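> Next up, target_33.pdb (PDB, C-alpha atoms (C1' of nucleotides)).
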```pdb
ATOM      1  CA  MET D   1      79.452 134.051 -17.839
ATOM      2  CA  GLN D   2      80.224 134.131 -21.521
ATOM      3  CA  ASP D   3      77.245 133.349 -23.707
ATOM      4  CA  HIS D   4      73.878 134.990 -23.957
ATOM      5  CA  LEU D   5      71.939 131.855 -23.226
ATOM      6  CA  SER D   6      73.825 131.180 -20.021
ATOM      7  CA  THR D   7      73.271 134.668 -18.646
ATOM      8  CA  THR D   8      69.617 134.500 -19.578
ATOM      9  CA  PHE D   9      69.027 131.170 -17.877
ATOM     10  CA  ALA D  10      71.075 132.257 -14.879
ATOM     11  CA  ALA D  11      68.950 135.393 -14.556
ATOM     12  CA  LEU D  12      65.796 133.278 -14.681
ATOM     13  CA  ALA D  13      67.090 130.863 -12.043
ATOM     14  CA  ASP D  14      65.899 133.021  -9.181
ATOM     15  CA  PRO D  15      62.300 133.322  -8.026
ATOM     16  CA  THR D  16      62.689 136.969  -7.025
ATOM     17  CA  ARG D  17      63.886 137.889 -10.485
ATOM     18  CA  ARG D  18      61.124 135.899 -12.150
ATOM     19  CA  ALA D  19      58.620 137.691  -9.950
ATOM     20  CA  ILE D  20      60.107 141.011 -10.987
ATOM     21  CA  LEU D  21      59.709 140.066 -14.630
ATOM     22  CA  ALA D  22      56.134 139.007 -13.964
ATOM     23  CA  ARG D  23      55.452 142.379 -12.388
ATOM     24  CA  LEU D  24      57.030 144.185 -15.304
ATOM     25  CA  ALA D  25      54.829 142.266 -17.691
ATOM     26  CA  LEU D  26      52.012 144.388 -16.285
ATOM     27  CA  GLY D  27      53.793 147.600 -17.225
ATOM     28  CA  GLU D  28      56.831 149.592 -16.304
ATOM     29  CA  THR D  29      57.459 150.789 -12.750
ATOM     30  CA  ASN D  30      60.116 152.248 -10.539
ATOM     31  CA  VAL D  31      62.421 150.344  -8.221
ATOM     32  CA  SER D  32      60.583 151.011  -4.954
ATOM     33  CA  GLU D  33      57.364 149.631  -6.324
ATOM     34  CA  LEU D  34      59.192 146.601  -7.666
ATOM     35  CA  ALA D  35      60.833 146.059  -4.293
ATOM     36  CA  GLU D  36      57.655 146.427  -2.282
ATOM     37  CA  PRO D  37      56.423 142.790  -2.385
ATOM     38  CA  PHE D  38      59.753 141.355  -1.274
ATOM     39  CA  ALA D  39      61.091 140.861   2.208
ATOM     40  CA  MET D  40      64.511 142.186   1.384
ATOM     41  CA  SER D  41      66.386 145.455   1.360
ATOM     42  CA  MET D  42      66.414 147.869  -1.538
ATOM     43  CA  PRO D  43      70.041 147.214  -2.427
ATOM     44  CA  ALA D  44      69.208 143.535  -2.795
ATOM     45  CA  VAL D  45      66.472 144.354  -5.284
ATOM     46  CA  SER D  46      68.788 146.791  -6.995
ATOM     47  CA  LYS D  47      71.273 143.964  -7.489
ATOM     48  CA  HIS D  48      68.603 141.709  -8.933
ATOM     49  CA  LEU D  49      67.702 144.466 -11.352
ATOM     50  CA  LYS D  50      71.304 144.767 -12.363
ATOM     51  CA  VAL D  51      71.437 141.043 -13.105
ATOM     52  CA  LEU D  52      68.287 141.327 -15.191
ATOM     53  CA  GLU D  53      69.666 144.347 -16.993
ATOM     54  CA  ARG D  54      72.960 142.655 -17.796
ATOM     55  CA  ALA D  55      70.965 139.743 -19.179
ATOM     56  CA  GLY D  56      69.120 142.241 -21.369
ATOM     57  CA  LEU D  57      65.801 141.293 -19.814
ATOM     58  CA  ILE D  58      64.957 144.791 -18.626
ATOM     59  CA  ALA D  59      65.739 148.321 -19.734
ATOM     60  CA  ARG D  60      66.050 151.170 -17.278
ATOM     61  CA  GLY D  61      65.480 154.835 -17.869
ATOM     62  CA  ARG D  62      65.538 157.967 -15.746
ATOM     63  CA  GLU D  63      62.620 160.039 -14.730
ATOM     64  CA  ALA D  64      63.770 162.571 -12.169
ATOM     65  CA  GLN D  65      64.738 160.585  -9.099
ATOM     66  CA  TRP D  66      63.004 157.462 -10.343
ATOM     67  CA  ARG D  67      64.433 154.738 -12.522
ATOM     68  CA  PRO D  68      61.524 153.263 -14.456
ATOM     69  CA  CYS D  69      62.125 149.648 -15.453
ATOM     70  CA  ARG D  70      60.647 148.023 -18.493
ATOM     71  CA  LEU D  71      60.529 144.409 -19.573
ATOM     72  CA  ASN D  72      62.544 143.437 -22.630
ATOM     73  CA  ALA D  73      61.618 139.899 -23.529
ATOM     74  CA  SER D  74      63.834 139.357 -26.546
ATOM     75  CA  PRO D  75      66.392 137.214 -24.681
ATOM     76  CA  LEU D  76      63.504 134.969 -23.743
ATOM     77  CA  LYS D  77      62.966 134.317 -27.409
ATOM     78  CA  GLU D  78      66.383 132.773 -27.690
ATOM     79  CA  ALA D  79      65.863 130.756 -24.513
ATOM     80  CA  ALA D  80      62.505 129.511 -25.738
ATOM     81  CA  GLY D  81      64.105 128.579 -29.022
ATOM     82  CA  TRP D  82      66.721 126.487 -27.269
ATOM     83  CA  ILE D  83      64.201 124.670 -25.129
ATOM     84  CA  GLU D  84      61.901 124.161 -28.076
ATOM     85  CA  GLU D  85      64.467 121.823 -29.621
ATOM     86  CA  TYR D  86      63.575 119.361 -26.889
ATOM     87  CA  ARG D  87      59.828 119.521 -27.220
ATOM     88  CA  ARG D  88      59.670 116.137 -28.923
ATOM     89  CA  PHE D  89      61.268 114.659 -25.806
ATOM     90  CA  TRP D  90      58.491 115.743 -23.528
ATOM     91  CA  THR D  91      55.573 115.315 -25.916
ATOM     92  CA  PRO D  92      54.574 111.865 -24.691
ATOM     93  CA  TYR D  93      53.480 110.235 -27.894
ATOM     94  CA  ILE D  94      56.439 111.434 -29.918
ATOM     95  CA  ASP D  95      58.784 110.463 -27.155
ATOM     96  CA  ALA D  96      57.413 106.936 -26.897
ATOM     97  CA  LEU D  97      57.451 106.506 -30.663
ATOM     98  CA  GLU D  98      60.975 107.788 -30.854
ATOM     99  CA  ARG D  99      62.211 105.429 -28.192
ATOM    100  CA  HIS D 100      60.459 102.572 -29.890
ATOM    101  CA  LEU D 101      62.127 103.330 -33.205
ATOM    102  CA  ASP D 102      65.428 103.786 -31.435
ATOM    103  CA  ARG D 103      65.120 100.346 -29.907
ATOM    104  CA  MET D 104      64.241  98.810 -33.265
ATOM    105  CA  LYS D 105      67.187 100.418 -34.948
ATOM    106  CA  LEU D 106      69.485  99.284 -32.170
ATOM    107  CA  ALA D 107      68.240  95.732 -32.290
ATOM    108  CA  GLU D 108      68.905  95.665 -35.997
ATOM    109  CA  SER D 109      72.357  97.232 -35.754
ATOM    110  CA  THR D 110      73.419  94.813 -33.036
ATOM    111  CA  ARG D 111      72.162  91.942 -35.133
ATOM    112  CA  LYS D 112      74.744  92.711 -37.779
ATOM    113  CA  ALA D 113      77.287  94.270 -35.422
ATOM    114  CA  SER D 114      79.318  91.130 -34.793
ATOM    115  CA  ALA D 115      81.503  91.752 -37.838
ATOM    116  CA  THR D 116      81.687  95.538 -37.457
ATOM    117  CA  THR D 117      84.877  97.244 -36.291
ATOM    118  CA  ARG D 118      84.441  98.472 -32.748
ATOM    119  CA  ARG D 119      84.052 102.268 -32.770
ATOM    120  CA  LYS D 120      85.116 104.680 -30.005
ATOM    121  CA  ALA D 121      85.539 103.484 -26.450
ATOM    122  CA  ALA D 122      82.866 101.583 -24.634
ATOM    123  CA  LYS D 123      79.512 101.968 -26.242
ATOM    124  CA  PRO D 124      77.660 100.219 -23.459
ATOM    125  CA  LYS D 125      75.643  97.229 -24.487
ATOM    126  CA  ARG D 126      72.480  99.255 -24.060
ATOM    127  CA  THR D 127      70.130  97.041 -22.139
ATOM    128  CA  GLY D 128      68.254 100.138 -21.085
ATOM    129  CA  ILE D 129      68.205 102.129 -17.928
ATOM    130  CA  ARG D 130      65.742 100.383 -15.619
ATOM    131  CA  LYS D 131      63.824 103.575 -14.975
ATOM    132  CA  ARG D 132      65.447 104.694 -11.721
ATOM    133  CA  LYS D 133      64.653 101.572  -9.729
ATOM    134  CA  THR D 134      68.260 100.573  -9.098
ATOM    135  CA  ARG D 135      69.656 103.811  -7.827
ATOM    136  CA  SER D 136      70.824 102.340  -4.520
ATOM    137  CA  LYS D 137      71.013 105.104  -1.920
ATOM    138  CA  ARG D 138      70.166 108.790  -2.412
ATOM    139  CA  SER D 139      66.624 108.683  -0.927
TER     140      SER D 139
ATOM    141  CA  MET E   1      67.421 126.195  -4.329
ATOM    142  CA  GLN E   2      63.813 125.641  -3.488
ATOM    143  CA  ASP E   3      61.492 125.473  -6.490
ATOM    144  CA  HIS E   4      61.531 123.253  -9.522
ATOM    145  CA  LEU E   5      61.743 126.094 -11.981
ATOM    146  CA  SER E   6      64.774 127.623 -10.303
ATOM    147  CA  THR E   7      66.719 124.356 -10.278
ATOM    148  CA  THR E   8      65.806 123.746 -13.903
ATOM    149  CA  PHE E   9      66.924 127.169 -15.077
ATOM    150  CA  ALA E  10      70.050 126.969 -12.937
ATOM    151  CA  ALA E  11      70.908 123.615 -14.499
ATOM    152  CA  LEU E  12      70.477 125.109 -17.964
ATOM    153  CA  ALA E  13      72.637 128.120 -17.145
ATOM    154  CA  ASP E  14      75.848 126.319 -18.021
ATOM    155  CA  PRO E  15      77.071 125.605 -21.546
ATOM    156  CA  THR E  16      78.672 122.309 -20.560
ATOM    157  CA  ARG E  17      75.415 121.036 -19.151
ATOM    158  CA  ARG E  18      73.449 122.206 -22.172
ATOM    159  CA  ALA E  19      75.946 120.420 -24.392
ATOM    160  CA  ILE E  20      75.483 117.269 -22.340
ATOM    161  CA  LEU E  21      71.744 117.488 -22.824
ATOM    162  CA  ALA E  22      72.252 118.017 -26.534
ATOM    163  CA  ARG E  23      74.399 114.906 -26.671
ATOM    164  CA  LEU E  24      71.820 112.918 -24.741
ATOM    165  CA  ALA E  25      69.162 113.993 -27.198
ATOM    166  CA  LEU E  26      70.943 111.679 -29.656
ATOM    167  CA  GLY E  27      70.557 108.722 -27.345
ATOM    168  CA  GLU E  28      71.775 107.463 -24.018
ATOM    169  CA  THR E  29      75.481 107.040 -23.267
ATOM    170  CA  ASN E  30      77.865 106.458 -20.438
ATOM    171  CA  VAL E  31      79.795 109.100 -18.534
ATOM    172  CA  SER E  32      83.137 108.686 -20.287
ATOM    173  CA  GLU E  33      81.601 109.236 -23.669
ATOM    174  CA  LEU E  34      79.733 112.264 -22.365
ATOM    175  CA  ALA E  35      82.945 113.652 -20.917
ATOM    176  CA  GLU E  36      85.017 113.074 -24.020
ATOM    177  CA  PRO E  37      84.299 116.381 -25.852
ATOM    178  CA  PHE E  38      85.103 118.541 -22.852
ATOM    179  CA  ALA E  39      88.457 119.830 -21.682
ATOM    180  CA  MET E  40      87.805 118.992 -18.065
ATOM    181  CA  SER E  41      88.327 116.164 -15.650
ATOM    182  CA  MET E  42      85.891 113.315 -15.124
ATOM    183  CA  PRO E  43      84.863 114.451 -11.649
ATOM    184  CA  ALA E  44      83.876 117.809 -13.107
ATOM    185  CA  VAL E  45      81.595 116.094 -15.607
ATOM    186  CA  SER E  46      80.298 113.851 -12.867
ATOM    187  CA  LYS E  47      79.301 116.940 -10.902
ATOM    188  CA  HIS E  48      77.519 118.404 -13.895
ATOM    189  CA  LEU E  49      75.632 115.159 -14.252
ATOM    190  CA  LYS E  50      74.655 115.312 -10.624
ATOM    191  CA  VAL E  51      73.274 118.815 -11.120
ATOM    192  CA  LEU E  52      71.300 117.633 -14.138
ATOM    193  CA  GLU E  53      70.046 114.629 -12.225
ATOM    194  CA  ARG E  54      68.929 116.699  -9.247
ATOM    195  CA  ALA E  55      67.088 118.947 -11.691
ATOM    196  CA  GLY E  56      65.380 115.833 -13.043
ATOM    197  CA  LEU E  57      66.781 116.455 -16.514
ATOM    198  CA  ILE E  58      68.550 113.128 -16.769
ATOM    199  CA  ALA E  59      68.067 109.629 -15.387
ATOM    200  CA  ARG E  60      70.959 107.352 -14.647
ATOM    201  CA  GLY E  61      71.046 103.573 -14.610
ATOM    202  CA  ARG E  62      73.674 100.930 -14.085
ATOM    203  CA  GLU E  63      75.092  98.615 -16.646
ATOM    204  CA  ALA E  64      78.019  96.779 -15.113
ATOM    205  CA  GLN E  65      80.685  99.412 -14.501
ATOM    206  CA  TRP E  66      78.940 101.935 -16.743
ATOM    207  CA  ARG E  67      76.295 104.437 -15.755
ATOM    208  CA  PRO E  68      74.169 105.033 -18.823
ATOM    209  CA  CYS E  69      72.563 108.462 -18.808
ATOM    210  CA  ARG E  70      69.293 109.272 -20.477
ATOM    211  CA  LEU E  71      67.612 112.561 -21.182
ATOM    212  CA  ASN E  72      64.415 113.333 -19.299
ATOM    213  CA  ALA E  73      62.957 116.464 -20.804
ATOM    214  CA  SER E  74      59.859 116.853 -18.655
ATOM    215  CA  PRO E  75      61.282 119.681 -16.525
ATOM    216  CA  LEU E  76      61.855 121.535 -19.773
ATOM    217  CA  LYS E  77      58.148 121.455 -20.348
ATOM    218  CA  GLU E  78      57.564 123.486 -17.225
ATOM    219  CA  ALA E  79      60.354 125.900 -18.137
ATOM    220  CA  ALA E  80      58.984 126.319 -21.644
ATOM    221  CA  GLY E  81      55.561 126.947 -20.155
ATOM    222  CA  TRP E  82      56.905 129.718 -17.968
ATOM    223  CA  ILE E  83      58.740 131.422 -20.806
ATOM    224  CA  GLU E  84      55.777 131.018 -23.099
ATOM    225  CA  GLU E  85      53.831 133.458 -20.933
ATOM    226  CA  TYR E  86      56.098 136.155 -22.284
ATOM    227  CA  ARG E  87      55.846 135.310 -25.929
ATOM    228  CA  ARG E  88      53.591 138.273 -26.652
ATOM    229  CA  PHE E  89      56.396 140.524 -25.386
ATOM    230  CA  TRP E  90      58.846 139.380 -27.976
ATOM    231  CA  THR E  91      56.455 138.889 -30.882
ATOM    232  CA  PRO E  92      57.125 142.265 -32.485
ATOM    233  CA  TYR E  93      53.695 143.200 -33.734
ATOM    234  CA  ILE E  94      51.899 142.215 -30.575
ATOM    235  CA  ASP E  95      54.500 143.964 -28.501
ATOM    236  CA  ALA E  96      54.221 147.209 -30.436
ATOM    237  CA  LEU E  97      50.439 147.103 -30.341
ATOM    238  CA  GLU E  98      50.475 146.415 -26.656
ATOM    239  CA  ARG E  99      52.796 149.290 -25.890
ATOM    240  CA  HIS E 100      50.684 151.573 -28.021
ATOM    241  CA  LEU E 101      47.533 150.646 -26.120
ATOM    242  CA  ASP E 102      49.423 151.008 -22.879
ATOM    243  CA  ARG E 103      50.436 154.515 -23.806
ATOM    244  CA  MET E 104      46.875 155.433 -24.805
ATOM    245  CA  LYS E 105      45.511 154.129 -21.532
ATOM    246  CA  LEU E 106      48.164 156.018 -19.613
ATOM    247  CA  ALA E 107      47.533 159.253 -21.433
ATOM    248  CA  GLU E 108      43.873 158.972 -20.595
ATOM    249  CA  SER E 109      44.425 158.104 -16.960
ATOM    250  CA  THR E 110      46.825 160.998 -16.471
ATOM    251  CA  ARG E 111      44.345 163.340 -18.115
ATOM    252  CA  LYS E 112      41.858 162.747 -15.300
ATOM    253  CA  ALA E 113      44.484 162.038 -12.646
ATOM    254  CA  SER E 114      44.746 165.590 -11.297
ATOM    255  CA  ALA E 115      41.830 165.083  -8.901
ATOM    256  CA  THR E 116      42.735 161.534  -7.944
ATOM    257  CA  THR E 117      44.125 160.732  -4.501
ATOM    258  CA  ARG E 118      47.770 159.813  -4.819
ATOM    259  CA  ARG E 119      48.074 156.054  -4.464
ATOM    260  CA  LYS E 120      51.032 154.170  -2.977
ATOM    261  CA  ALA E 121      54.389 155.872  -3.018
ATOM    262  CA  ALA E 122      55.590 157.567  -6.113
ATOM    263  CA  LYS E 123      53.940 156.319  -9.232
ATOM    264  CA  PRO E 124      56.353 158.041 -11.587
ATOM    265  CA  LYS E 125      54.846 160.336 -14.156
ATOM    266  CA  ARG E 126      55.637 157.791 -16.821
ATOM    267  CA  THR E 127      56.978 159.746 -19.741
ATOM    268  CA  GLY E 128      58.617 156.614 -21.028
ATOM    269  CA  ILE E 129      62.061 155.187 -20.773
ATOM    270  CA  ARG E 130      64.145 156.818 -23.515
ATOM    271  CA  LYS E 131      65.306 153.452 -24.842
ATOM    272  CA  ARG E 132      68.689 153.158 -23.084
ATOM    273  CA  LYS E 133      70.219 156.354 -24.418
ATOM    274  CA  THR E 134      70.688 157.991 -21.013
ATOM    275  CA  ARG E 135      72.405 155.215 -19.182
ATOM    276  CA  SER E 136      75.455 157.308 -18.327
ATOM    277  CA  LYS E 137      78.430 154.978 -17.724
ATOM    278  CA  ARG E 138      78.519 151.172 -17.996
ATOM    279  CA  SER E 139      79.965 150.951 -21.507
TER     280      SER E 139
ATOM    281  C1'  DC M   1      69.148 176.866   1.520
ATOM    282  C1'  DG M   2      68.407 172.384   3.913
ATOM    283  C1'  DT M   3      65.796 168.239   4.146
ATOM    284  C1'  DA M   4      63.451 164.276   2.466
ATOM    285  C1'  DC M   5      63.101 160.773  -0.990
ATOM    286  C1'  DA M   6      64.678 157.232  -4.734
ATOM    287  C1'  DG M   7      68.223 154.674  -5.891
ATOM    288  C1'  DT M   8      73.114 153.053  -6.210
ATOM    289  C1'  DA M   9      77.817 151.956  -4.507
ATOM    290  C1'  DA M  10      81.022 149.931  -1.264
ATOM    291  C1'  DA M  11      82.379 146.776   1.928
ATOM    292  C1'  DC M  12      81.435 142.740   4.041
ATOM    293  C1'  DC M  13      79.699 137.868   4.910
ATOM    294  C1'  DA M  14      78.206 133.007   4.443
ATOM    295  C1'  DG M  15      77.120 129.767   1.066
ATOM    296  C1'  DT M  16      77.290 127.875  -3.496
ATOM    297  C1'  DC M  17      79.651 126.831  -8.018
ATOM    298  C1'  DG M  18      82.853 125.014 -11.187
ATOM    299  C1'  DG M  19      86.902 123.265 -11.278
ATOM    300  C1'  DT M  20      91.096 120.594  -9.506
ATOM    301  C1'  DT M  21      93.805 116.258  -7.545
ATOM    302  C1'  DA M  22      93.913 112.141  -4.928
ATOM    303  C1'  DA M  23      91.635 108.369  -3.122
ATOM    304  C1'  DA M  24      87.738 105.166  -2.832
ATOM    305  C1'  DT M  25      84.213 102.077  -4.869
ATOM    306  C1'  DA M  26      82.493  98.892  -8.073
ATOM    307  C1'  DA M  27      82.481  95.778 -11.710
ATOM    308  C1'  DC M  28      84.814  93.191 -15.174
ATOM    309  C1'  DC M  29      88.725  90.154 -16.800
ATOM    310  C1'  DA M  30      92.805  87.135 -16.741
TER     311       DA M  30
ATOM    312  C1'  DT Y   1      93.718  86.800  -6.665
ATOM    313  C1'  DG Y   2      95.190  90.988  -8.484
ATOM    314  C1'  DG Y   3      94.816  94.374 -12.220
ATOM    315  C1'  DT Y   4      92.214  97.300 -15.295
ATOM    316  C1'  DT Y   5      88.338 100.239 -16.296
ATOM    317  C1'  DA Y   6      84.397 103.333 -15.095
ATOM    318  C1'  DT Y   7      82.736 106.363 -12.002
ATOM    319  C1'  DT Y   8      82.069 108.713  -7.570
ATOM    320  C1'  DT Y   9      83.598 110.800  -3.195
ATOM    321  C1'  DA Y  10      86.454 113.870  -0.434
ATOM    322  C1'  DA Y  11      88.980 117.725   0.335
ATOM    323  C1'  DC Y  12      90.343 121.786  -1.360
ATOM    324  C1'  DC Y  13      90.428 126.298  -4.042
ATOM    325  C1'  DG Y  14      89.163 130.811  -6.111
ATOM    326  C1'  DA Y  15      85.232 133.132  -7.945
ATOM    327  C1'  DC Y  16      80.619 134.336  -7.853
ATOM    328  C1'  DT Y  17      75.811 134.963  -5.422
ATOM    329  C1'  DG Y  18      72.457 136.766  -2.642
ATOM    330  C1'  DG Y  19      71.964 139.020   1.084
ATOM    331  C1'  DT Y  20      73.226 142.638   4.715
ATOM    332  C1'  DT Y  21      74.489 147.565   6.585
ATOM    333  C1'  DT Y  22      76.316 151.933   5.889
ATOM    334  C1'  DA Y  23      77.332 155.726   3.103
ATOM    335  C1'  DC Y  24      76.813 158.266  -1.039
ATOM    336  C1'  DT Y  25      74.397 160.708  -5.224
ATOM    337  C1'  DG Y  26      70.799 163.048  -7.375
ATOM    338  C1'  DT Y  27      66.481 165.304  -7.635
ATOM    339  C1'  DA Y  28      62.382 167.544  -5.740
ATOM    340  C1'  DC Y  29      60.307 170.579  -2.612
ATOM    341  C1'  DG Y  30      59.172 173.681   1.490
TER     342       DG Y  30
END
```
Please render this file's structure as structure tokens.

Amino acid sequence: MQDHLSTTFAALADPTRRAILARLALGETNVSELAEPFAMSMPAVSKHLKVLERAGLIARGREAQWRPCRLNASPLKEAAGWIEEYRRFWTPYIDALERHLDRMKLAESTRKASATTRRKAAKPKRTGIRKRKTRSKRS
Amino acid sequence: MQDHLSTTFAALADPTRRAILARLALGETNVSELAEPFAMSMPAVSKHLKVLERAGLIARGREAQWRPCRLNASPLKEAAGWIEEYRRFWTPYIDALERHLDRMKLAESTRKASATTRRKAAKPKRTGIRKRKTRSKRS
DNA sequence: CGTACAGTAAACCAGTCGGTTAAATAACCA
DNA sequence: TGGTTATTTAACCGACTGGTTTACTGTACG
């Protein structure tokens, strides 16, 4: 796993690890207390913590025989930044407007496209996607 | 992979798939055009698309022999919502303030903790984490 | 000192992931 | 009809994941 973003998202792609982060948002604790709510062995939790640590999402210290864990949210900033780029696509009004404009622009470009040199391979004729109705199988 | 959030984050945890989403943010295309920038076979891209589709991040239609793909960002909304809960932990001022208050509260609670019945197993004495200095190996 | 406790490491296992090649499906085109 | 193009499916592979059990390392404490 090369890039920061990938390790961050991979670390977040597990409900146990997200729950651990949620717990750590309440303050630092040791491993046993983190493990307590989960129906799994300590080594399993220890592995999850290692994943979170390698993703930079937690920091671990030493306090006698305990290893206090603390949340470090800075990788989340990067992740949030990446996702944020797509906000306009889920903000309904913007999305609808955008698609409308897109369609307009397309209509216009196709109107004068007859004479244009064909670019790249196979720009499909773009009649739209039919909103999932025609997906055959895959119930 | 049970929950929505996990499948979404898992789908995002791959640079190829994020690049595909980035491409789709520019408008819908077919599979060949999506595959073009990547040094991998078509079936590999097809699998990535299937992952994205199962995560609800793209919708696929049919246009003759082409399968136009379109971005569907709504799962990102949920993901952004989850991450957003942690914003205060990476906003520096808020974070510092919060940790300060946390330390105050702790100092106070430990001051009157001598008489308290010991709760749960091993609440560590919480002298802090020493910011990664003592992590022994793991260069 | 020895014992109990907190946590990690090692070895193992089944299942998933990201990729491959080869073959199948589907639609167009001559 | 048969060929070309776009895409998916199938079978396979090596690597990684998420879990287990068992054994080890520290540290505290009686």
> Separation of atom CA of E:Ala73 and atom CA of D:Glu84, in Å?
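For atom CA of E:Ala73 relative to atom CA of D:Glu84, the distance reads 10.6 Å.
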> Can I get the residues of chain D within 7 Å of chain Y, each with the closest pair of atoms and their distance in Å to one decimal, using all atoms listed in the file, sorted chain first then ascending number, as CSV?

```
residue,atom,partner,partner_atom,distance
D:Ala44,CA,Y:DG19,C1',6.6
D:Ala64,CA,Y:DT27,C1',5.9
D:Gln65,CA,Y:DT27,C1',5.2
```
> Run the PyMOL selection byres ((chain M) within 12 of (chain E)) against the file shown and list the residues it catches, as a PDB file with C-alpha atoms (C1' of nucleotides), in the frame of the given file.

```
ATOM      1  C1'  DC M   5      63.101 160.773  -0.990  1.00  0.00           C
ATOM      2  C1'  DA M   6      64.678 157.232  -4.734  1.00  0.00           C
ATOM      3  C1'  DG M  15      77.120 129.767   1.066  1.00  0.00           C
ATOM      4  C1'  DT M  16      77.290 127.875  -3.496  1.00  0.00           C
ATOM      5  C1'  DC M  17      79.651 126.831  -8.018  1.00  0.00           C
ATOM      6  C1'  DG M  18      82.853 125.014 -11.187  1.00  0.00           C
ATOM      7  C1'  DG M  19      86.902 123.265 -11.278  1.00  0.00           C
ATOM      8  C1'  DT M  20      91.096 120.594  -9.506  1.00  0.00           C
ATOM      9  C1'  DT M  21      93.805 116.258  -7.545  1.00  0.00           C
ATOM     10  C1'  DA M  22      93.913 112.141  -4.928  1.00  0.00           C
ATOM     11  C1'  DT M  25      84.213 102.077  -4.869  1.00  0.00           C
ATOM     12  C1'  DA M  26      82.493  98.892  -8.073  1.00  0.00           C
ATOM     13  C1'  DA M  27      82.481  95.778 -11.710  1.00  0.00           C
ATOM     14  C1'  DC M  28      84.814  93.191 -15.174  1.00  0.00           C
TER      15       DC M  28
END
```
> What's the 6 Å shell around E:Ala13, counting all atoms listed in the file, without same-chain residues fewer than 2 positions away, as a list in words?
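That gives Ser6, Phe9 and Ala10 of chain D; Ala10 and Ala11 of chain E.
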> Since I can't run it myself right now, could you work out what the PyMOL selection byres ((chain E) within 7 of (chain D)) selects here and report it as an mmCIF file with C-alpha atoms, in the coordinates of the input?

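The file below, selection34.cif, is the result:
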```
data_model
loop_
_atom_site.group_PDB
_atom_site.id
_atom_site.type_symbol
_atom_site.label_atom_id
_atom_site.label_comp_id
_atom_site.auth_asym_id
_atom_site.auth_seq_id
_atom_site.Cartn_x
_atom_site.Cartn_y
_atom_site.Cartn_z
ATOM 1 C CA SER E 6 64.774 127.623 -10.303
ATOM 2 C CA THR E 7 66.719 124.356 -10.278
ATOM 3 C CA PHE E 9 66.924 127.169 -15.077
ATOM 4 C CA ALA E 10 70.050 126.969 -12.937
ATOM 5 C CA LEU E 12 70.477 125.109 -17.964
ATOM 6 C CA ALA E 13 72.637 128.120 -17.145
ATOM 7 C CA ASP E 14 75.848 126.319 -18.021
ATOM 8 C CA PRO E 15 77.071 125.605 -21.546
ATOM 9 C CA ASN E 30 77.865 106.458 -20.438
ATOM 10 C CA ALA E 59 68.067 109.629 -15.387
ATOM 11 C CA ARG E 60 70.959 107.352 -14.647
ATOM 12 C CA GLY E 61 71.046 103.573 -14.610
ATOM 13 C CA ARG E 62 73.674 100.930 -14.085
ATOM 14 C CA PRO E 68 74.169 105.033 -18.823
ATOM 15 C CA ALA E 73 62.957 116.464 -20.804
ATOM 16 C CA SER E 74 59.859 116.853 -18.655
ATOM 17 C CA LEU E 76 61.855 121.535 -19.773
ATOM 18 C CA LYS E 77 58.148 121.455 -20.348
ATOM 19 C CA ALA E 80 58.984 126.319 -21.644
ATOM 20 C CA ILE E 83 58.740 131.422 -20.806
ATOM 21 C CA TYR E 86 56.098 136.155 -22.284
ATOM 22 C CA PHE E 89 56.396 140.524 -25.386
ATOM 23 C CA TRP E 90 58.846 139.380 -27.976
ATOM 24 C CA PRO E 124 56.353 158.041 -11.587
ATOM 25 C CA ILE E 129 62.061 155.187 -20.773
ATOM 26 C CA ARG E 130 64.145 156.818 -23.515
ATOM 27 C CA ARG E 132 68.689 153.158 -23.084
ATOM 28 C CA THR E 134 70.688 157.991 -21.013
#
```
> Enter the distance from atom CA of E:Ile58 to atom CA of E:Leu24, in Å, rounded to one decimal.
8.6 Å
> Atom CA of E:Ser46 and atom CA of E:Val31 are how many Å apart?
7.4 Å
> Build an axis-aligned box that encloses every atom of stretch 53-70 of chain E listed in the file, pad it by 6 Å on each side, and report its centre and edge lengths in Å to one decimal, as JSON.

```
{"center_x": 73.0, "center_y": 107.9, "center_z": -14.9, "size_x": 27.3, "size_y": 34.2, "size_z": 23.2}
```
